[in-house]
Structures are given as structure tokens and as C-alpha cells.
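See below for final_0.cif, which holds mmCIF, C-alpha atoms and all ligand atoms.
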```cif
data_entry
loop_
_atom_site.label_atom_id
_atom_site.label_comp_id
_atom_site.auth_asym_id
_atom_site.auth_seq_id
_atom_site.Cartn_x
_atom_site.Cartn_y
_atom_site.Cartn_z
CA MET L 1057 475.24 55.07 156.06
CA ARG L 1058 478.75 56.58 156.25
CA PRO L 1059 481.41 54.08 157.40
CA ALA L 1060 482.43 56.32 160.34
CA LEU L 1061 478.82 56.55 161.49
CA GLU L 1062 478.31 52.80 161.12
CA ALA L 1063 481.39 52.22 163.26
CA HIS L 1064 480.08 54.69 165.83
CA VAL L 1065 476.66 52.98 165.93
CA ARG L 1066 478.30 49.57 166.38
CA GLU L 1067 480.29 50.96 169.32
CA GLN L 1068 477.04 52.26 170.79
CA ILE L 1069 475.45 48.82 170.40
CA ALA L 1070 478.37 47.28 172.31
CA TYR L 1071 477.92 49.94 175.00
CA GLU L 1072 474.18 49.21 175.28
CA PHE L 1073 474.86 45.49 175.79
CA ALA L 1074 477.43 46.20 178.51
CA ARG L 1075 475.79 48.99 180.51
CA GLU L 1076 474.29 48.33 183.94
CA GLY L 1077 471.98 51.33 183.96
CA PRO L 1078 471.41 54.53 182.02
CA PRO L 1079 474.52 56.66 181.36
CA GLU L 1080 475.37 58.84 184.36
CA ASP L 1081 474.58 62.04 182.51
CA PHE L 1082 471.20 60.83 181.26
CA PRO L 1083 468.63 63.35 182.51
CA GLU L 1084 465.58 62.64 184.62
CA LEU L 1085 462.61 62.54 182.21
CA PRO L 1086 459.36 63.93 183.63
CA PRO L 1087 456.39 61.59 183.03
CA VAL L 1088 454.50 62.33 179.80
CA PRO L 1089 451.07 63.77 180.72
CA GLY L 1090 448.19 61.49 179.73
CA GLY L 1091 446.12 64.49 178.64
CA ARG L 1092 448.30 64.83 175.57
CA TYR L 1093 446.52 61.74 174.22
CA THR L 1094 443.00 62.53 175.40
CA ASP L 1095 442.41 66.27 175.63
CA PRO L 1096 440.58 67.71 172.60
CA ALA L 1097 442.34 71.02 173.27
CA PHE L 1098 445.74 69.38 172.73
CA PHE L 1099 444.47 67.71 169.54
CA GLU L 1100 443.35 71.14 168.37
CA LEU L 1101 446.80 72.60 169.09
CA GLU L 1102 448.31 69.86 166.93
CA ARG L 1103 445.76 70.54 164.19
CA GLN L 1104 446.62 74.21 164.13
CA HIS L 1105 450.33 74.26 164.85
CA LEU L 1106 451.87 70.83 164.18
CA TRP L 1107 450.43 69.31 161.00
CA PRO L 1108 450.44 72.55 158.94
CA LYS L 1109 454.08 73.22 159.83
CA THR L 1110 455.88 70.03 158.93
CA TRP L 1111 456.79 67.92 155.91
CA LEU L 1112 454.41 64.96 155.53
CA LEU L 1113 454.73 61.88 153.32
CA ALA L 1114 452.08 62.13 150.59
CA GLY L 1115 453.07 59.42 148.11
CA ARG L 1116 455.62 58.32 145.56
CA ASP L 1117 456.86 59.90 142.40
CA GLU L 1118 455.60 56.92 140.37
CA ASP L 1119 452.05 57.63 141.59
CA PHE L 1120 452.17 60.51 139.08
CA PRO L 1121 453.53 58.88 135.92
CA GLU L 1122 452.26 61.32 133.27
CA THR L 1123 451.35 64.93 132.66
CA GLY L 1124 448.00 65.46 134.38
CA SER L 1125 448.30 62.48 136.75
CA PHE L 1126 446.66 63.59 139.99
CA ARG L 1127 446.00 62.15 143.42
CA CYS L 1128 444.13 63.52 146.43
CA PHE L 1129 445.75 63.67 149.86
CA ASP L 1130 443.36 64.14 152.74
CA LEU L 1131 444.96 62.77 155.88
CA ALA L 1132 446.34 65.67 157.91
CA GLY L 1133 444.29 68.80 157.59
CA PRO L 1134 442.59 70.50 154.66
CA PRO L 1135 442.25 68.31 151.55
CA LEU L 1136 445.02 68.61 148.98
CA VAL L 1137 445.43 67.49 145.38
CA LEU L 1138 448.83 66.69 143.87
CA VAL L 1139 449.17 66.92 140.10
CA ARG L 1140 451.96 66.55 137.53
CA GLY L 1141 452.17 69.68 135.35
CA ASP L 1142 452.79 70.09 131.62
CA ASP L 1143 456.35 70.99 132.59
CA GLY L 1144 456.78 67.68 134.44
CA VAL L 1145 456.79 69.39 137.85
CA LEU L 1146 454.73 67.78 140.60
CA ARG L 1147 452.73 70.42 142.50
CA ALA L 1148 450.32 70.31 145.44
CA PHE L 1149 447.28 72.56 145.91
CA TYR L 1150 444.43 72.81 148.36
CA ASN L 1151 441.63 70.87 146.67
CA THR L 1152 439.38 73.89 146.98
CA CYS L 1153 437.84 75.80 144.11
CA ARG L 1154 438.48 79.53 144.46
CA HIS L 1155 434.86 80.28 143.53
CA ARG L 1156 432.70 78.85 146.31
CA GLY L 1157 434.93 76.12 147.61
CA ALA L 1158 433.75 72.91 145.98
CA PRO L 1159 436.52 70.35 145.49
CA VAL L 1160 438.20 70.78 142.10
CA VAL L 1161 438.92 67.06 142.04
CA ARG L 1162 436.46 64.48 143.38
CA GLU L 1163 438.10 61.22 142.31
CA ALA L 1164 440.83 59.84 144.58
CA CYS L 1165 443.24 59.72 141.63
CA GLY L 1166 443.26 59.87 137.86
CA ARG L 1167 444.47 61.92 134.92
CA ALA L 1168 443.18 65.22 133.59
CA ALA L 1169 444.27 67.83 131.07
CA ARG L 1170 442.74 70.61 133.21
CA LEU L 1171 441.24 70.66 136.71
CA ARG L 1172 437.60 71.59 136.26
CA CYS L 1173 435.38 72.22 139.27
CA GLN L 1174 432.14 70.30 138.89
CA TYR L 1175 430.00 72.93 140.58
CA HIS L 1176 430.13 75.79 138.06
CA SER L 1177 433.04 74.67 135.86
CA TRP L 1178 435.71 77.11 136.88
CA THR L 1179 438.73 75.55 135.22
CA TYR L 1180 442.39 75.57 136.30
CA ASP L 1181 445.44 74.50 134.34
CA LEU L 1182 447.87 71.97 135.79
CA ALA L 1183 449.92 74.77 137.35
CA GLY L 1184 446.81 75.92 139.25
CA ARG L 1185 446.05 79.03 137.17
CA LEU L 1186 442.40 79.91 136.67
CA VAL L 1187 442.04 79.71 132.88
CA ALA L 1188 438.29 79.62 132.21
CA LEU L 1189 434.94 80.28 133.86
CA PRO L 1190 431.43 80.24 132.37
CA ASP L 1191 429.55 83.54 132.10
CA ARG L 1192 432.72 85.52 132.53
CA ARG L 1193 430.73 88.76 131.90
CA ASP L 1194 429.07 88.36 135.33
CA PHE L 1195 432.39 88.64 137.19
CA ALA L 1196 433.34 92.05 135.90
CA ARG L 1197 435.93 92.83 138.57
CA LEU L 1198 437.42 89.37 138.92
CA ASP L 1199 441.16 89.12 138.31
CA GLU L 1200 442.01 85.55 137.26
CA ALA L 1201 445.55 86.01 138.55
CA ASP L 1202 444.19 86.31 142.11
CA ARG L 1203 441.96 83.26 141.88
CA GLY L 1204 444.39 80.45 141.07
CA LEU L 1205 444.45 77.35 143.27
CA VAL L 1206 446.37 77.90 146.50
CA GLU L 1207 449.66 76.04 146.32
CA VAL L 1208 451.32 74.01 149.07
CA ARG L 1209 455.02 73.12 149.17
CA CYS L 1210 455.71 69.77 147.48
CA GLU L 1211 459.18 68.22 147.19
CA THR L 1212 460.52 64.78 146.34
CA LEU L 1213 463.49 62.91 147.76
CA ASP L 1214 464.61 59.50 146.44
CA GLY L 1215 461.14 58.98 144.94
CA TRP L 1216 459.20 59.87 148.11
CA VAL L 1217 456.87 62.85 147.80
CA PHE L 1218 456.34 65.14 150.78
CA VAL L 1219 454.05 68.13 151.21
CA ASN L 1220 454.23 71.02 153.66
CA PRO L 1221 451.58 73.75 153.97
CA ASP L 1222 454.17 76.04 155.56
CA ARG L 1223 455.46 78.22 152.72
CA GLY L 1224 458.41 79.34 154.84
CA ALA L 1225 459.58 75.81 155.65
CA ILE L 1226 463.18 74.82 154.96
CA ALA L 1227 463.71 72.52 151.96
CA LEU L 1228 462.80 68.85 152.41
CA ARG L 1229 466.38 67.64 151.90
CA GLU L 1230 467.73 69.97 154.55
CA TRP L 1231 464.88 69.16 156.93
CA LEU L 1232 465.54 65.41 156.64
CA GLY L 1233 469.26 66.02 157.16
CA PRO L 1234 471.00 62.90 158.47
CA VAL L 1235 468.00 60.67 157.70
CA ALA L 1236 468.39 61.46 154.00
CA ASP L 1237 472.17 60.98 154.22
CA ASP L 1238 471.88 57.61 155.95
CA ILE L 1239 469.28 56.09 153.63
CA ALA L 1240 470.71 57.41 150.34
CA CYS L 1241 472.48 54.05 149.92
CA LEU L 1242 469.08 52.32 149.67
CA GLY L 1243 468.55 54.00 146.29
CA GLY L 1244 464.94 54.96 146.97
CA SER L 1245 464.28 56.22 143.45
CA GLY L 1246 465.05 52.77 142.05
CA LEU L 1247 462.51 51.07 144.31
CA ARG L 1248 458.82 50.69 143.60
CA THR L 1249 455.68 50.48 145.68
CA LEU L 1250 455.00 46.80 146.23
CA ALA L 1251 451.95 46.78 148.52
CA ARG L 1252 449.82 49.06 150.67
CA ARG L 1253 447.88 48.32 153.86
CA GLU L 1254 445.71 50.54 156.04
CA LYS L 1255 443.67 50.28 159.22
CA ARG L 1256 441.66 52.42 161.65
CA LEU L 1257 442.81 52.31 165.26
CA ALA L 1258 440.76 53.40 168.27
CA CYS L 1259 443.52 55.45 169.85
CA ASN L 1260 445.26 58.79 169.60
CA TRP L 1261 447.90 58.88 166.86
CA LYS L 1262 450.67 59.26 169.46
CA VAL L 1263 449.62 56.08 171.31
CA ALA L 1264 450.21 54.28 168.01
CA ALA L 1265 453.43 56.11 167.13
CA ASP L 1266 454.91 55.56 170.61
CA ALA L 1267 454.51 51.79 170.12
CA PHE L 1268 457.03 51.84 167.28
CA LEU L 1269 459.74 53.87 169.00
CA GLU L 1270 461.22 51.25 171.32
CA THR L 1271 462.10 47.56 171.37
CA TYR L 1272 461.46 47.19 175.13
CA HIS L 1273 458.22 45.36 174.26
CA LEU L 1274 459.71 42.77 171.88
CA LYS L 1275 460.01 39.89 174.35
CA THR L 1276 456.40 40.23 175.45
CA ILE L 1277 454.28 41.55 172.56
CA HIS L 1278 456.38 39.92 169.82
CA ALA L 1279 457.68 36.91 171.78
CA LYS L 1280 457.25 34.45 168.90
CA THR L 1281 457.96 36.86 166.04
CA VAL L 1282 460.32 39.85 166.14
CA ALA L 1283 461.98 38.75 169.39
CA ASN L 1284 463.33 35.71 167.53
CA LEU L 1285 465.07 38.00 165.05
CA LEU L 1286 466.29 40.96 167.16
CA ASP L 1287 468.06 41.29 170.52
CA HIS L 1288 466.56 44.39 172.11
CA ARG L 1289 469.29 44.64 174.75
CA GLY L 1290 471.68 46.15 172.21
CA ALA L 1291 469.23 48.66 170.74
CA THR L 1292 470.78 52.08 170.38
CA MET L 1293 469.04 55.36 169.69
CA GLY L 1294 470.24 58.38 167.77
CA LEU L 1295 468.42 61.61 168.54
CA LEU L 1296 468.66 63.68 165.37
CA PRO L 1297 467.94 67.34 164.62
CA ARG L 1298 464.35 68.50 163.98
CA GLY L 1299 462.72 65.71 166.00
CA HIS L 1300 463.84 62.80 163.82
CA SER L 1301 465.45 59.79 165.45
CA ARG L 1302 467.19 56.55 164.60
CA MET L 1303 467.01 53.16 166.36
CA VAL L 1304 469.46 50.42 165.47
CA THR L 1305 468.67 47.01 166.96
CA PRO L 1306 471.12 44.12 166.48
CA LYS L 1307 469.99 40.79 165.12
CA TRP L 1308 470.72 37.64 167.09
CA PRO L 1309 474.05 36.34 165.70
CA GLU L 1310 472.39 33.29 164.10
CA ASN L 1311 470.15 35.62 162.06
CA VAL L 1312 472.98 37.68 160.61
CA GLU L 1313 473.71 36.97 156.99
CA ALA L 1314 476.70 38.84 155.66
CA GLU L 1315 475.60 38.17 152.10
CA PRO L 1316 472.10 38.06 150.62
CA ALA L 1317 470.73 34.52 150.37
CA PRO L 1318 470.58 33.29 146.74
CA GLY L 1319 467.33 34.24 145.04
CA MET L 1320 466.31 36.70 147.76
CA PRO L 1321 465.36 40.26 146.85
CA ASP L 1322 468.27 42.54 147.62
CA ILE L 1323 469.12 46.23 147.62
CA ALA L 1324 472.74 45.64 146.71
CA THR L 1325 473.86 49.22 147.39
CA ALA L 1326 472.83 49.10 151.07
CA THR L 1327 475.75 49.50 153.47
CA PRO L 1328 476.43 46.57 155.84
CA ILE L 1329 474.57 47.88 158.88
CA PHE L 1330 471.24 47.62 157.03
CA ARG L 1331 471.99 43.92 156.48
CA ASP L 1332 473.12 42.79 159.91
CA THR L 1333 470.90 44.97 162.15
CA ASN L 1334 467.45 46.54 162.00
CA VAL L 1335 467.75 50.27 161.30
CA SER L 1336 464.56 52.24 161.88
CA TYR L 1337 463.91 55.98 161.72
CA THR L 1338 461.21 58.26 162.95
CA VAL L 1339 460.76 61.00 160.41
CA PHE L 1340 459.09 63.62 162.56
CA PRO L 1341 456.30 63.45 163.45
CA ASN L 1342 454.40 60.43 162.11
CA LEU L 1343 456.54 58.31 159.77
CA ILE L 1344 458.36 55.16 160.97
CA THR L 1345 460.71 53.23 158.69
CA PRO L 1346 461.86 49.74 159.76
CA LEU L 1347 464.41 49.29 156.97
CA ASP L 1348 465.80 46.12 155.42
CA THR L 1349 467.88 45.15 152.41
CA ILE L 1350 465.11 43.03 150.86
CA GLY L 1351 462.64 45.94 150.84
CA PHE L 1352 460.79 47.66 153.65
CA PRO L 1353 457.62 49.42 154.76
CA PHE L 1354 457.05 53.07 155.63
CA ILE L 1355 454.41 53.31 158.37
CA CYS L 1356 452.41 56.53 158.81
CA PHE L 1357 450.02 57.44 161.63
CA TRP L 1358 447.38 60.02 160.68
CA PRO L 1359 445.15 61.85 163.17
CA ILE L 1360 441.43 61.40 162.48
CA ASP L 1361 440.21 62.65 165.85
CA VAL L 1362 441.57 62.68 169.38
CA ARG L 1363 440.95 58.94 169.77
CA THR L 1364 441.02 57.67 166.18
CA THR L 1365 444.07 57.05 164.01
CA HIS L 1366 444.40 55.97 160.42
CA VAL L 1367 447.54 53.87 159.97
CA GLU L 1368 448.98 53.12 156.54
CA TRP L 1369 451.97 51.00 155.74
CA THR L 1370 453.40 50.91 152.26
CA TRP L 1371 456.07 48.47 151.10
CA TYR L 1372 458.88 49.45 148.76
CA ALA L 1373 461.07 46.85 147.06
CA PRO L 1374 463.47 46.47 144.14
CA ALA L 1375 461.63 47.24 140.93
CA ASP L 1376 461.50 43.65 139.63
CA GLU L 1377 459.74 42.26 142.73
CA SER L 1378 456.05 41.29 142.79
CA ASP L 1379 453.76 41.10 145.79
CA SER L 1380 452.18 37.95 144.33
CA SER L 1381 455.42 35.94 144.60
CA PRO L 1382 455.31 33.27 147.34
CA PHE L 1383 458.19 35.01 149.15
CA TRP L 1384 456.43 38.35 149.34
CA SER L 1385 452.98 37.03 150.14
CA ALA L 1386 454.47 35.10 153.08
CA LEU L 1387 456.54 38.07 154.25
CA LEU L 1388 453.72 40.59 153.95
CA GLY L 1389 451.41 38.23 155.84
CA ALA L 1390 454.00 37.73 158.60
CA PHE L 1391 454.50 41.49 158.90
CA ASP L 1392 450.74 42.05 159.06
CA ARG L 1393 450.61 39.64 162.00
CA VAL L 1394 453.38 41.60 163.76
CA MET L 1395 451.39 44.79 163.20
CA GLU L 1396 448.33 43.12 164.73
CA GLU L 1397 450.43 42.20 167.78
CA ASP L 1398 451.19 45.91 168.21
CA PHE L 1399 447.68 47.11 167.39
CA ALA L 1400 445.97 44.79 169.91
CA ASN L 1401 447.30 46.92 172.77
CA LEU L 1402 446.41 50.34 171.52
CA ALA L 1403 442.66 50.79 172.08
CA PRO L 1404 442.95 49.46 175.66
CA ILE L 1405 445.84 51.88 176.31
CA GLN L 1406 443.69 54.75 175.05
CA ARG L 1407 440.93 53.69 177.47
CA SER L 1408 443.45 53.57 180.32
CA LEU L 1409 444.64 57.07 179.48
CA GLU L 1410 441.02 58.20 179.70
CA SER L 1411 440.58 56.58 183.13
CA PRO L 1412 441.88 57.98 186.44
CA ALA L 1413 444.35 55.09 186.53
CA LEU L 1414 446.99 56.61 184.26
CA ASP L 1415 447.53 60.33 184.50
CA ALA L 1416 451.09 60.28 183.20
CA ILE L 1417 453.53 57.86 181.56
CA PRO L 1418 456.94 57.23 183.16
CA LEU L 1419 459.49 56.48 180.45
CA GLY L 1420 462.66 54.42 180.84
CA TYR L 1421 466.01 55.04 179.19
CA GLN L 1422 465.16 52.65 176.33
CA GLU L 1423 462.02 54.70 175.65
CA ARG L 1424 463.83 58.00 175.20
CA ARG L 1425 462.81 58.36 171.54
CA ILE L 1426 459.20 58.68 172.75
CA TYR L 1427 460.15 61.58 175.01
CA TYR L 1428 462.14 63.16 172.19
CA LEU L 1429 459.16 62.95 169.81
CA HIS L 1430 456.84 64.57 172.36
CA GLN L 1431 459.42 67.22 173.24
CA HIS L 1432 459.68 68.16 169.59
CA ILE L 1433 455.89 68.19 169.12
CA ASP L 1434 455.81 70.84 171.85
CA ALA L 1435 458.63 72.81 170.25
CA THR L 1436 456.73 72.81 166.94
CA ILE L 1437 453.41 73.83 168.50
CA GLY L 1438 455.15 76.44 170.66
CA THR L 1439 455.45 75.61 174.36
CA GLU L 1440 453.85 78.92 175.31
CA ARG L 1441 450.60 77.79 173.67
CA ILE L 1442 450.38 74.52 175.65
CA PRO L 1443 448.76 74.38 179.11
CA ALA L 1444 451.56 73.75 181.63
CA LYS L 1445 449.98 70.49 182.81
CA LEU L 1446 450.26 69.03 179.30
CA THR L 1447 453.81 70.03 178.37
CA VAL L 1448 456.84 67.83 177.91
CA PRO L 1449 459.74 70.09 178.92
CA PRO L 1450 462.91 69.90 176.83
CA ARG L 1451 465.37 67.49 178.44
CA LEU L 1452 467.05 65.70 175.51
CA ALA L 1453 469.46 67.31 173.05
CA PRO L 1454 470.25 65.87 169.63
CA ASP L 1455 473.24 63.53 169.78
CA THR L 1456 476.67 64.49 168.61
CA GLU L 1457 477.33 62.02 165.83
CA ALA L 1458 480.51 60.68 164.34
CA PRO L 1459 482.09 63.07 161.79
S1 LIG H 1 432.56 76.30 143.43
FE1 LIG H 1 433.85 75.73 141.84
S2 LIG H 1 433.01 76.60 140.10
FE2 LIG H 1 431.73 77.29 141.68
FE FE H 2 456.00 46.28 168.16
#
```
Transcribe the structure of this file into C-alpha cells.
Ligand code: FES
Ligand SMILES: [Fe+2]
Amino acid sequence: MRPALEAHVREQIAYEFAREGPPEDFPELPPVPGGRYTDPAFFELERQHLWPKTWLLAGRDEDFPETGSFRCFDLAGPPLVLVRGDDGVLRAFYNTCRHRGAPVVREACGRAARLRCQYHSWTYDLAGRLVALPDRRDFARLDEADRGLVEVRCETLDGWVFVNPDRGAIALREWLGPVADDIACLGGSGLRTLARREKRLACNWKVAADAFLETYHLKTIHAKTVANLLDHRGATMGLLPRGHSRMVTPKWPENVEAEPAPGMPDIATATPIFRDTNVSYTVFPNLITPLDTIGFPFICFWPIDVRTTHVEWTWYAPADESDSSPFWSALLGAFDRVMEEDFANLAPIQRSLESPALDAIPLGYQERRIYYLHQHIDATIGTERIPAKLTVPPRLAPDTEAP
């Protein structure tokens, strides 16, 4: 993070500790309608107009080590396959044969010289071109050039691979904007995937995502865990362009270590704020990153249906770390328990949203990132498409940040 921005964030933390209420110019936030979490029509709007129009985390560059390395991605809409080409370029395609639609790849991941559909053996090269089909004489009018696999945007930043079905989308780096600037010092391309976890949750994906956007719940849900590390009263939020946001929560003074402890994993290039606070981003819409200088997880919430979410969290750490070391097995276990503390609430909240008891959610000042996420979901879907009773009207503007 830039020194001027770090200084600005530290001033904001001091302000948050001292304030006696929300800032005077903080707007009134209308309650968030419960139907956004329960109405199949809203889920359908997201399916049509949110997920196909945004960059989504689909893996890591090292998941595709060689020419022909492929991996399926099937978590937010039509199934995709990502594959490393002969030219070294990583590309993403719909995993749909252009003959009669069978998947061209059935294995979750692997390596192939060509992508050959198992139904009738139409065969595509690693750039998606249709290069062979049996009984070619029976397709007299077929033009191979029109029947290549349909490509989806695929770009990589600091080792993280994102896909976007929207061909007109702005480039990943520009879309991430300040998030990419801030985390560049973590040297993402030098990290490696240390561990992966996943779980099904009986709630809408936004019930789960909302739970990671504030620290208001630390003293209750995480009383014996995270609350011993972080002081939520100083948490400060940065509302960033394109629906992203930043939350910086100070550590209790006794937990601040200016230098890495001997023998601990360490991302030495991280700027000081990543060491003495917890810096967490929402990468719009479904990626949460509680960062740390020892290594950190990226948490993604994927919509299965209106009341089912698939959550994945993947740990990245300096390349010489191993998840079987005593340090990491203890840390991963402790983090899993924190996740369970969060998850325990979510299915009951979904049931409450489906009961007459909770028709809308009133949000406090500390919960403003939740409002900002929902506001930007509506902007992406197109407010005019959303029934008035389900909208979250725009009230929050991106912050003006330090130069
Ligand atoms: S559906 Fe793929 S070859 Fe026929
Ligand atoms: Fe939590």
C-alpha cells in the first residue's frame, strides 16, 4: 500500500476510535429488503445480469503448469474450461462442444494435446479451433472457422486467474484498480497455493458474503478467537470504485509485532499496515481477502440456488511453506474453527429471512460495506430491471482517497 494511503488509513482508524456516532454527512441507509435473499426472481436477475458481467476468480496460474494443462470451472453460470495453449497463453472457453453440446472436457482437470469431445470426437486445438471431425463428408456446408469453442475473457494478475463472460468488459487490472495497487506489495506471483477448503451452506450467497463485511460481530460470534486479536472499534472502511471495498481493523496493541517473529513465514515485501492491522478487501461481488504477512486465504461465495451457497477458501503462502508443517496445520485448523463460528449463523438467518419476522435488514454505520455491495449489485443488474420493493437505492459514493 502507498505510504500516503497507509497514513490516511491510520488517520481514519484514529477517527473511528474517537467518534461518538456516524459522521454528520453519513446518509440514511434504507433497510436492505429481505426478498433479495429469498426471491427466486432476484436470483434469476443475478444469474442473467450479475455473474456474466463481472470478473470472477477461477484459479491460479500454477494450476496450469504446462502446455495443455486444463481445469474446469463450473461455479457461476455455464460450465467453462481453462486451458494453457501451445503459445503459453491461458484461455477460457465454454465447455460446450459446438456440435451437439456435449462437454469437450469431462475430467475436473488434467493435460491434453487436443480437446476431443467424447460424443462424436469433434476435436479442438488448445486455442479452441475446430481441427478435426469424423465423417467430414457428411457436413458438406460446415465451416470449421465458425465452429470453434466459444471463448470467454481470461486474465491473470499477480498469479490469480480471473474469467469474465462479458467480452466488452474493461481489463482485469483496470477493473481491480486500487485493490491491485494496494496488494501489489504482497508479491502474489511469488506465492503458492498452500491449502483449499470448501463447504455447502444452506443460505443465499449474499447472507454468507455479508457476514464477512463487518467486524461488528467479533465480540459475540468470535469472542474467544478473532476478538482477542482485533479491536473492532477502530475498523475503517474504504469504499472503492466498481463495488470493491477495503476494511482495515487494528490489532490490539499487544498483538502488534513490528518485525516478523523468527522462523515464522513472512512476505517480506508487505508494507507495514499489513503487519500491524488486518487488511481485508471485497473484490466485487463474491471474493473476500483477509490478508496477512504470513500468508492468507481468498474466500469465494458461489451461488448454487437461491438458498444454497458453495464457499471455497484457498490459502496462499510463500513458496517454501508446507501445509503439513505444525505451524500451518495449527493455523489452518484455527481458521477453520473461525469459519465455523461464522457459518453456524447463516442457515438460521436464511430461515428468518423466509419468515414474516424479517422483511428488511437495518444496517448500522459499521455495516456500510454491506450496503455498498448490494448497491453495486443493483447497478450491475440494472436498477430498472429490479422490482422496486427489492432495490437498494444508491446512497454511498466511493471514497476520495489520499493522493
Ligand atoms: S456433441 Fe461433441 S462431437 Fe458431437
Ligand atoms: Fe466472522
| field | Sel. within 8 Å of pt (465.8, 44.0, 171.7), counting all atoms listed in the file, output as number ranges by chain | value | L: 1271-1272, 1274-1275, 1283, 1286-1291, 1305-1306
Enumerate, in order of chain and increasing residue number, the residues of chain L with an atom no farther than 12 Å from ligand FE 2 (chain H), each with its shortest atom pair and distance in Å to one decimal, counting only C-alpha atoms and all ligand atoms, as a tab-separated table.
```
residue	atom	partner	partner_atom	distance
L:Ala1264	CA	H:FE2	FE	9.9
L:Ala1265	CA	H:FE2	FE	10.2
L:Asp1266	CA	H:FE2	FE	9.7
L:Ala1267	CA	H:FE2	FE	6.0
L:Phe1268	CA	H:FE2	FE	5.7
L:Leu1269	CA	H:FE2	FE	8.5
L:Glu1270	CA	H:FE2	FE	7.9
L:Thr1271	CA	H:FE2	FE	7.0
L:Tyr1272	CA	H:FE2	FE	8.9
L:His1273	CA	H:FE2	FE	6.6
L:Leu1274	CA	H:FE2	FE	6.3
L:Lys1275	CA	H:FE2	FE	9.8
L:Thr1276	CA	H:FE2	FE	9.5
L:Ile1277	CA	H:FE2	FE	6.7
L:His1278	CA	H:FE2	FE	6.6
L:Ala1279	CA	H:FE2	FE	10.2
L:Lys1280	CA	H:FE2	FE	11.9
L:Thr1281	CA	H:FE2	FE	9.9
L:Val1282	CA	H:FE2	FE	8.0
L:Ala1283	CA	H:FE2	FE	9.7
L:Leu1286	CA	H:FE2	FE	11.6
L:His1288	CA	H:FE2	FE	11.4
L:Ile1344	CA	H:FE2	FE	11.7
L:Pro1346	CA	H:FE2	FE	10.8
L:Phe1391	CA	H:FE2	FE	10.5
L:Asp1392	CA	H:FE2	FE	11.3
L:Arg1393	CA	H:FE2	FE	10.5
L:Val1394	CA	H:FE2	FE	6.9
L:Met1395	CA	H:FE2	FE	6.9
L:Glu1396	CA	H:FE2	FE	9.0
L:Glu1397	CA	H:FE2	FE	6.9
L:Asp1398	CA	H:FE2	FE	4.8
L:Phe1399	CA	H:FE2	FE	8.4
L:Ala1400	CA	H:FE2	FE	10.3
L:Asn1401	CA	H:FE2	FE	9.9
L:Leu1402	CA	H:FE2	FE	10.9
```
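Environment of ligand LIG 1 (chain H), defined as every protein or nucleic acid residue with an atom within 7 Å of it and counting all atoms listed in the file, comprises Cys1153, Arg1154, His1155, Arg1156, Gly1157, Ala1158, Val1160, Cys1173, Gln1174, Tyr1175, His1176, Ser1177 and Trp1178 of chain L.
Here CA of Val1339 in chain L stands at a distance of 27.5 Å from CA of Asp1415 in chain L.
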| message | Just the number, please: distance in Å from CA of Leu1131 in chain L to CA of Trp1216 in chain L, one decimal. | response | 16.5 Å
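Closest approach to Asp1238 in chain L among L:Pro1328, L:Pro1418, L:Pro1374, L:Pro1359 is made by L:Pro1328 (distances from all atoms listed in the file).
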| note | One residue among L:Leu1257, L:Ala1132, L:Ile1329, L:Val1161 is nearest to Asn1220 in chain L when using only C-alpha atoms, and that residue is L:Ala1132
| said: as a ChimeraX atom specification, please: the residues near Gly1077 in chain L (cut-off 12 Å, all atoms listed in the file, same-chain neighbours under 4 positions excluded). | reply: /L:1071-1073,1081-1082,1289,1420-1422
